[in-house]
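Structure file start12.cif with mmCIF, C-alpha atoms:
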```cif
data_query
#
loop_
_atom_site.label_atom_id
_atom_site.label_comp_id
_atom_site.auth_asym_id
_atom_site.auth_seq_id
_atom_site.Cartn_x
_atom_site.Cartn_y
_atom_site.Cartn_z
CA MET Z 853 22.30 21.59 13.73
CA LYS Z 854 22.27 23.67 10.55
CA TYR Z 855 19.33 25.65 9.19
CA PHE Z 856 18.99 26.02 5.46
CA TYR Z 857 16.62 27.41 2.88
CA LYS Z 858 16.07 28.07 -0.79
CA ILE Z 859 13.51 29.99 -2.77
CA LYS Z 860 11.83 28.16 -5.62
CA ASN Z 861 9.00 29.66 -7.68
CA ASN Z 862 8.67 32.40 -5.06
CA GLU Z 863 8.06 29.75 -2.38
CA LEU Z 864 10.19 29.35 0.71
CA ILE Z 865 11.64 25.87 1.23
CA ILE Z 866 13.24 25.40 4.64
CA GLY Z 867 14.94 22.65 6.56
CA THR Z 868 17.29 21.57 9.29
CA GLY Z 869 19.97 18.95 9.47
CA TYR Z 870 23.58 18.07 9.97
CA LYS Z 871 24.37 18.34 6.28
CA ILE Z 872 22.97 20.96 3.93
CA PRO Z 873 21.37 19.35 0.85
CA ASP Z 874 22.50 20.50 -2.58
CA GLY Z 875 21.06 23.79 -3.73
CA PHE Z 876 20.27 25.10 -0.27
CA ILE Z 877 21.82 28.03 1.59
CA GLU Z 878 22.60 27.98 5.30
CA TYR Z 879 21.05 30.77 7.37
CA ASP Z 880 21.34 32.11 10.88
CA ARG Z 881 18.13 31.16 12.66
CA ASP Z 882 18.38 34.18 14.98
CA ASN Z 883 18.94 36.55 12.10
CA PRO Z 884 17.40 35.18 8.89
CA PRO Z 885 17.99 37.02 5.59
CA GLN Z 886 15.42 39.53 4.36
CA ASP Z 887 14.16 37.46 1.38
CA PHE Z 888 13.56 34.60 3.81
CA LEU Z 889 11.62 36.85 6.21
CA ASP Z 890 9.57 38.41 3.39
CA LEU Z 891 8.42 35.03 2.10
CA LEU Z 892 7.80 33.70 5.61
CA LYS Z 893 5.63 36.73 6.33
CA LYS Z 894 3.74 36.16 3.10
CA GLU Z 895 3.18 32.48 3.91
CA ASN Z 896 2.07 33.28 7.48
CA LEU Z 897 -0.34 35.87 6.11
CA GLU Z 898 -1.85 33.36 3.66
CA ASN Z 899 -2.19 30.77 6.44
CA ALA Z 900 -3.84 33.29 8.74
CA LYS Z 901 -6.28 34.22 5.96
CA LYS Z 902 -7.21 30.59 5.37
CA GLN Z 903 -7.62 29.97 9.09
CA LYS Z 904 -9.82 33.04 9.58
CA THR Z 905 -11.93 32.20 6.52
CA LYS Z 906 -12.49 28.71 7.91
CA GLU Z 907 -13.53 30.20 11.26
CA LEU Z 908 -16.02 32.53 9.57
CA ASN Z 909 -17.50 29.69 7.52
CA ASN Z 910 -17.93 27.68 10.71
CA ILE Z 911 -19.72 30.58 12.44
CA ARG Z 912 -21.99 31.06 9.41
CA ASN Z 913 -22.80 27.36 9.18
CA LYS Z 914 -23.58 27.18 12.89
CA LYS Z 915 -25.89 30.17 12.59
CA LEU Z 916 -27.59 28.63 9.54
CA LYS Z 917 -28.11 25.41 11.45
CA ASN Z 918 -29.66 27.27 14.38
CA LEU Z 919 -31.70 29.68 12.26
CA LYS Z 920 -35.16 30.49 13.63
CA VAL Z 921 -37.99 32.68 12.35
CA LYS Z 922 -40.46 34.56 14.55
CA PHE Z 923 -43.63 36.05 13.11
CA ILE Z 924 -47.34 36.58 13.69
CA LEU Z 925 -49.51 33.78 12.33
CA GLN Z 926 -52.78 34.46 10.54
CA ASP Z 927 -54.67 33.46 13.70
CA GLY Z 928 -52.88 36.27 15.61
CA GLN Z 929 -50.47 34.11 17.61
CA GLU Z 930 -46.79 34.98 17.63
CA ALA Z 931 -44.66 31.90 17.12
CA GLU Z 932 -41.05 30.94 16.50
CA PHE Z 933 -39.99 28.08 14.24
CA ASP Z 934 -36.80 26.32 13.20
CA ALA Z 935 -35.66 27.65 9.84
CA ASP Z 936 -32.54 25.68 8.95
CA GLU Z 937 -32.21 24.20 5.45
CA ILE Z 938 -34.20 21.06 6.33
CA SER Z 939 -37.03 23.09 7.89
CA GLN Z 940 -37.15 25.34 4.83
CA THR Z 941 -37.46 22.31 2.55
CA ARG Z 942 -40.31 21.02 4.69
CA LEU Z 943 -42.03 24.42 4.57
CA ALA Z 944 -41.64 24.48 0.78
CA ARG Z 945 -43.19 21.02 0.54
CA ALA Z 946 -46.10 22.12 2.75
CA ILE Z 947 -46.69 25.18 0.56
CA SER Z 948 -46.85 22.95 -2.52
CA ALA Z 949 -49.23 20.49 -0.89
CA LEU Z 950 -51.60 22.76 1.06
CA LYS Z 951 -54.81 23.98 -0.53
CA ASP Z 952 -56.23 27.42 0.31
CA GLY Z 953 -57.95 27.29 3.67
CA GLU Z 954 -56.19 24.10 4.77
CA LYS Z 955 -53.92 24.01 7.81
CA ILE Z 956 -50.96 21.86 8.78
CA ALA Z 957 -49.73 21.06 12.28
CA TRP Z 958 -46.24 22.47 12.88
CA ILE Z 959 -43.97 22.18 15.91
CA GLY Z 960 -42.70 25.53 17.16
CA ALA Z 961 -39.30 26.25 18.69
CA ASP Z 962 -41.12 26.10 22.06
CA TYR Z 963 -42.28 22.54 21.16
CA LYS Z 964 -45.93 23.64 21.04
CA VAL Z 965 -48.05 22.55 18.10
CA TYR Z 966 -49.29 25.37 15.85
CA LYS Z 967 -51.73 25.18 12.97
CA LEU Z 968 -50.19 26.86 9.93
CA THR Z 969 -51.98 28.00 6.82
CA LYS Z 970 -50.34 28.06 3.42
CA GLU Z 971 -49.77 31.82 3.91
CA ASP Z 972 -48.13 31.17 7.30
CA CYS Z 973 -45.75 28.71 5.66
CA LEU Z 974 -44.99 31.24 2.93
CA SER Z 975 -44.28 33.95 5.52
CA GLY Z 976 -41.96 31.64 7.44
CA LEU Z 977 -40.12 30.57 4.31
CA ARG Z 978 -39.76 34.15 3.07
CA ILE Z 979 -38.34 35.38 6.39
CA ALA Z 980 -36.02 32.37 6.60
CA GLY Z 981 -34.74 33.13 3.10
CA GLU Z 982 -34.08 36.76 4.03
CA LEU Z 983 -32.23 35.81 7.23
CA GLN Z 984 -30.21 33.19 5.37
CA THR Z 985 -29.23 35.68 2.68
CA LYS Z 986 -28.16 38.18 5.37
CA LEU Z 987 -25.93 35.56 6.97
CA PHE Z 988 -24.29 34.69 3.64
CA ALA Z 989 -23.86 38.40 2.81
CA LYS Z 990 -22.32 39.18 6.21
CA CYS Z 991 -19.92 36.25 5.90
CA ALA Z 992 -18.95 37.32 2.37
CA GLU Z 993 -18.37 40.90 3.52
CA LEU Z 994 -16.01 39.75 6.31
CA LYS Z 995 -14.22 37.34 3.97
CA ALA Z 996 -13.65 40.19 1.51
CA LYS Z 997 -11.98 42.17 4.34
CA ILE Z 998 -9.74 39.19 5.03
CA LEU Z 999 -8.84 38.92 1.37
CA GLN Z 1000 -7.72 42.56 1.34
CA ALA Z 1001 -5.83 42.41 4.65
CA GLN Z 1002 -2.12 43.15 4.44
CA THR Z 1003 -1.13 42.18 7.99
CA GLU Z 1004 -2.00 39.46 10.48
CA GLU Z 1005 -3.29 42.18 12.84
CA GLU Z 1006 -5.79 43.30 10.19
CA ILE Z 1007 -6.99 39.70 9.85
CA GLU Z 1008 -7.29 39.30 13.61
CA ALA Z 1009 -9.38 42.47 13.80
CA VAL Z 1010 -12.05 40.95 11.54
CA LYS Z 1011 -14.72 39.64 13.86
CA TRP Z 1012 -18.27 38.40 13.43
CA GLU Z 1013 -20.27 40.45 15.87
CA GLY Z 1014 -23.89 39.78 16.72
CA MET E 292 8.62 -9.29 -8.55
CA GLY E 293 10.39 -8.16 -5.43
CA LYS E 294 12.04 -10.35 -2.86
CA VAL E 295 9.53 -11.92 -0.48
CA ILE E 296 10.56 -11.53 3.11
CA ASN E 297 9.17 -14.01 5.59
CA PHE E 298 9.15 -12.32 8.91
CA SER E 299 8.30 -13.77 12.26
CA GLY E 300 8.97 -12.51 15.73
CA SER E 301 8.97 -8.93 16.91
CA VAL E 302 10.50 -5.68 15.68
CA ARG E 303 13.98 -5.50 17.13
CA PRO E 304 15.62 -2.24 18.13
CA ASP E 305 18.05 -2.54 15.25
CA ASN E 306 15.11 -2.60 12.79
CA VAL E 307 14.60 1.10 13.57
CA LYS E 308 17.05 2.58 11.12
CA ALA E 309 16.02 6.20 11.37
CA PHE E 310 13.52 8.46 13.05
CA VAL E 311 12.80 12.12 13.32
CA ILE E 312 10.56 14.11 15.64
CA PHE E 313 10.04 17.62 14.34
CA ASN E 314 7.98 20.78 14.22
CA GLY E 315 6.17 20.83 10.88
CA SER E 316 5.74 24.57 10.59
CA ASP E 317 9.46 25.45 10.60
CA ALA E 318 10.95 21.99 9.93
CA SER E 319 13.03 22.18 13.09
CA ILE E 320 14.23 18.80 14.31
CA ILE E 321 13.45 18.02 17.95
CA LYS E 322 15.13 14.62 18.00
CA SER E 323 16.45 12.31 15.32
CA LYS E 324 18.50 9.28 14.45
CA ASN E 325 20.29 8.71 11.14
CA ILE E 326 18.74 11.86 9.66
CA SER E 327 21.10 14.07 7.72
CA SER E 328 18.45 16.69 6.99
CA LEU E 329 14.74 17.38 7.00
CA THR E 330 13.33 19.77 4.42
CA ARG E 331 9.88 21.29 4.38
CA ILE E 332 9.17 21.33 0.64
CA SER E 333 5.88 23.16 1.13
CA LYS E 334 3.08 23.17 3.66
CA GLY E 335 2.83 19.66 5.14
CA LYS E 336 5.26 18.17 2.58
CA PHE E 337 8.69 17.00 3.69
CA GLU E 338 11.80 15.23 2.53
CA ILE E 339 14.26 13.48 4.80
CA ILE E 340 17.77 12.53 3.77
CA PHE E 341 19.39 9.69 5.66
CA ASN E 342 22.83 9.99 7.12
CA ILE E 343 23.60 6.38 6.25
CA PRO E 344 21.67 5.33 3.13
CA PHE E 345 19.87 2.02 2.76
CA ASN E 346 20.99 -0.53 0.21
CA HIS E 347 17.37 -1.02 -0.90
CA THR E 348 14.11 0.94 -0.92
CA ASN E 349 11.90 -1.56 0.85
CA TYR E 350 12.13 0.22 4.16
CA ILE E 351 8.91 1.07 5.98
CA VAL E 352 7.92 4.66 6.69
CA LEU E 353 5.56 5.16 9.62
CA GLY E 354 4.44 8.40 11.17
CA SER E 355 1.94 10.26 13.26
CA ASP E 356 1.09 13.62 14.79
CA VAL E 357 0.49 12.25 18.29
CA GLY E 358 1.62 14.87 20.76
CA SER E 359 0.52 17.83 18.63
CA THR E 360 -1.71 19.98 20.79
CA LEU E 361 -3.50 22.25 18.33
CA GLU E 362 -7.12 21.46 19.14
CA GLY E 363 -9.37 20.32 16.31
CA TYR E 364 -6.56 19.46 13.93
CA HIS E 365 -5.20 16.08 13.09
CA SER E 366 -3.26 14.65 10.23
CA ALA E 367 -1.99 11.39 8.81
CA LEU E 368 1.20 10.48 7.01
CA VAL E 369 0.77 9.62 3.33
CA SER E 370 2.84 9.45 0.17
CA ASN E 371 3.90 12.62 -1.59
CA GLY E 372 3.66 10.80 -4.91
CA VAL E 373 7.40 10.23 -5.11
CA SER E 374 9.23 6.88 -5.05
CA LYS E 375 11.45 6.13 -2.09
CA GLU E 376 15.16 6.35 -2.77
CA THR E 377 17.95 4.66 -0.87
CA ASP E 378 19.17 7.92 0.61
CA ARG E 379 15.92 9.85 0.97
CA CYS E 380 12.16 9.78 0.98
CA GLN E 381 9.32 12.26 0.75
CA PHE E 382 5.99 12.24 2.56
CA LYS E 383 3.21 14.56 3.51
CA PHE E 384 0.85 15.02 6.40
CA VAL E 385 -2.78 15.55 5.41
CA ASN E 386 -5.84 16.38 7.47
CA ASP E 387 -9.27 14.78 7.17
CA ASN E 388 -10.11 17.03 4.22
CA GLY E 389 -7.12 15.74 2.32
CA ALA E 390 -5.30 19.06 2.63
CA THR E 391 -1.66 19.13 3.69
CA TYR E 392 -1.16 20.47 7.16
CA ASP E 393 1.76 21.29 9.47
CA LEU E 394 1.52 20.45 13.12
CA GLU E 395 4.07 21.21 15.79
CA HIS E 396 4.91 17.68 16.86
CA LEU E 397 5.28 15.27 13.98
CA GLN E 398 7.18 12.03 14.06
CA VAL E 399 8.38 9.63 11.41
CA CYS E 400 10.04 6.30 11.99
CA ILE E 401 11.86 4.23 9.36
CA LEU E 402 11.94 0.49 9.81
CA ASP E 403 14.15 -1.91 7.89
CA MET E 404 12.83 -5.42 8.31
CA GLU E 405 15.68 -6.84 6.20
CA ALA E 406 18.21 -5.76 8.79
#
```

Write-out of the structure in structure tokens:
Amino acid sequence: MKYFYKIKNNELIIGTGYKIPDGFIEYDRDNPPQDFLDLLKKENLENAKKQKTKELNNIRNKKLKNLKVKFILQDGQEAEFDADEISQTRLARAISALKDGEKIAWIGADYKVYKLTKEDCLSGLRIAGELQTKLFAKCAELKAKILQAQTEEEIEAVKWEG
Amino acid sequence: MGKVINFSGSVRPDNVKAFVIFNGSDASIIKSKNISSLTRISKGKFEIIFNIPFNHTNYIVLGSDVGSTLEGYHSALVSNGVSKETDRCQFKFVNDNGATYDLEHLQVCILDMEA
């Protein structure tokens, strides 16, 4: 079996076979030439960056889906509520519909029913927005580190903690 | 209009004119028949050159990634937008997002039902 390669537009094109196609150069698989190794390293680095970026997006999306807000209601109770995108839309609708002094029944993360005022809904929505922005900012910060990484080890060291 | 082939019966062993089982990331051939070379044009895109060319281009190209073990990834064989030639053909493996992807155990089988 023969191993061959060529470089076209700064991209590495590789192959194996019994005959080397026109325009390709045979190489020793155990000792590839330097230009081959340089481009392979570059390609591996780009792939690792894409893979890590995808992982970070998945973590962020999972956290957004499971987002919860905890705060003190106007009646003094502390309560926790779902705050994913759908819940935020529902809160926004409630804020638009509620009149001052009116309350709306809302299911907490503990499955208990709470009575929320318009101000409670506003508080929940505001906190949810802040938490959501923090998640996006943290993800963007880590992705910027990946973008600047020069080695696969640097990419591997980027971790979402917390 | 091309020649209409009426086919009945089963695929015979001699209908399999070529096959290649390979690692997509480095284009290394694991096993093959009638394959002169396999070239990884770019990520997930490949060209095979047949050892013995066909005398037509109506051969059938089938493929899968069954046997690849990278969890959460899967890909399907599709056209690379290039016509088949008698001595070669191009194809690409794409994942469910439509992006080309290399897996470590890809397989392509070429059937010639006119044989």

With the file shown as input, list the residues that the PyMOL selection byres ((chain Z) within 6 of (chain E)) selects, as a list in words.
->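 For this structure, the PyMOL selection byres ((chain Z) within 6 of (chain E)) captures Ile865, Ile866, Gly867, Thr868, Gly869, Tyr870 and Lys871 of chain Z.
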
Enter the distance from atom CA of Asp952 of chain Z to atom CA of Glu971 of chain Z, in Å, rounded to one decimal.
->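 Calculated distance between atom CA of Asp952 of chain Z and atom CA of Glu971 of chain Z is 8.6 Å.
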
Step by step, work through what the PyMOL selection byres ((chain Z and resi 875) around 12) selects in the shown file, and finish by giving those residues as a PDB file with C-alpha atoms, in the coordinates of the input.
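Written output follows (part29.pdb):
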```
ATOM      1  CA  PHE Z 856      18.990  26.020   5.460  1.00  0.00           C
ATOM      2  CA  TYR Z 857      16.620  27.410   2.880  1.00  0.00           C
ATOM      3  CA  LYS Z 858      16.070  28.070  -0.790  1.00  0.00           C
ATOM      4  CA  ILE Z 859      13.510  29.990  -2.770  1.00  0.00           C
ATOM      5  CA  LYS Z 860      11.830  28.160  -5.620  1.00  0.00           C
ATOM      6  CA  ILE Z 865      11.640  25.870   1.230  1.00  0.00           C
ATOM      7  CA  ILE Z 866      13.240  25.400   4.640  1.00  0.00           C
ATOM      8  CA  LYS Z 871      24.370  18.340   6.280  1.00  0.00           C
ATOM      9  CA  ILE Z 872      22.970  20.960   3.930  1.00  0.00           C
ATOM     10  CA  PRO Z 873      21.370  19.350   0.850  1.00  0.00           C
ATOM     11  CA  ASP Z 874      22.500  20.500  -2.580  1.00  0.00           C
ATOM     12  CA  PHE Z 876      20.270  25.100  -0.270  1.00  0.00           C
ATOM     13  CA  ILE Z 877      21.820  28.030   1.590  1.00  0.00           C
ATOM     14  CA  GLU Z 878      22.600  27.980   5.300  1.00  0.00           C
TER      15      GLU Z 878
ATOM     16  CA  THR E 330      13.330  19.770   4.420  1.00  0.00           C
TER      17      THR E 330
END
```

Name all residues at most 12 Å from Lys375 of chain E (count all atoms listed in the file; drop same-chain ones fewer than 6 positions away) and give them as a PyMOL selection string.
-> chain E and resi 338-341+344-352+381-382+401

Check what the PyMOL selection byres ((chain Z and resi 1003) around 12) selects in the file above and give those residues as a PyMOL selection string.
-> chain Z and resi 893-901+997-1002+1004-1010

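Our summary of the geometry notes that atom CA of Val311 of chain E is positioned 10.3 Å from atom CA of His396 of chain E.
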
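Each of Z:Arg881, Z:Lys990, Z:Lys1011, Z:Arg945 was checked against Leu977 of chain Z using all atoms listed in the file; the smallest atom-to-atom distance is that of Z:Arg945.
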
Quick one: of Z:Asp962, Z:Glu954, Z:Glu863, Z:Glu907, who's nearest to Asp934 of chain Z, counting all atoms listed in the file?
-> Z:Asp962

Considering all atoms listed in the file, return as a list in words whatever protein or nucleic-acid residues lie within 10 Å of Ala944 of chain Z, sequence-local ones (same chain, fewer than 6 positions apart) excluded.
-> Ile938, Lys970, Cys973, Leu974, Gly976 and Leu977 of chain Z

Would you please work out which residue, of Z:Gln940, Z:Thr969, Z:Lys915, Z:Tyr963, is nearest to Gly1014 of chain Z when using all atoms listed in the file?
-> Z:Lys915

Within 6 Å of Ile312 of chain E, counting only C-alpha atoms, which residues qualify if same-chain residues fewer than 6 places away don't, as a ChimeraX atom specification?
-> /E:321-322,397-398

Which one is closest to Leu353 of chain E: E:Thr391, E:Asn386, E:Ser301, E:Ser370? Count all atoms listed in the file.
->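 Nearest candidate to Leu353 of chain E out of E:Thr391, E:Asn386, E:Ser301, E:Ser370: E:Ser370.
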
Point-to-point distance in Å for atom CA of Pro884 of chain Z and atom CA of Ala309 of chain E |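 Those two atoms sit 29.1 Å apart.
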
Selection: 12 Å around Asp305 of chain E, only C-alpha atoms, excl. self and same-chain fewer than 6 positions, as a VMD selection string | chain E and resid 324 401 to 406

Selected residues written out, C-alpha atoms, as a PDB file, keeping the file's coordinate frame:
```pdb
ATOM      1  CA  LYS E 324      18.500   9.280  14.450  1.00  0.00           C
ATOM      2  CA  ILE E 401      11.860   4.230   9.360  1.00  0.00           C
ATOM      3  CA  LEU E 402      11.940   0.490   9.810  1.00  0.00           C
ATOM      4  CA  ASP E 403      14.150  -1.910   7.890  1.00  0.00           C
ATOM      5  CA  MET E 404      12.830  -5.420   8.310  1.00  0.00           C
ATOM      6  CA  GLU E 405      15.680  -6.840   6.200  1.00  0.00           C
ATOM      7  CA  ALA E 406      18.210  -5.760   8.790  1.00  0.00           C
TER       8      ALA E 406
END
```

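Look at everything within 10 Å of (-36.8, 31.9, 5.6) using all atoms listed in the file, and the residues you get are Leu919, Lys920, Val921, Phe933, Asp934, Ala935, Asp936, Glu937, Ser939, Gln940, Leu943, Cys973, Leu974, Ser975, Gly976, Leu977, Arg978, Ile979, Ala980, Gly981, Glu982, Leu983, Gln984 and Thr985 of chain Z.
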
Compare Z:Gln926, Z:Asn918, Z:Thr941, Z:Gln903 by their minimum atom-to-atom distance to Tyr966 of chain Z, counting only C-alpha atoms, and give me the closest one.
->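 So, comparing all the options, the nearest one is Z:Gln926.
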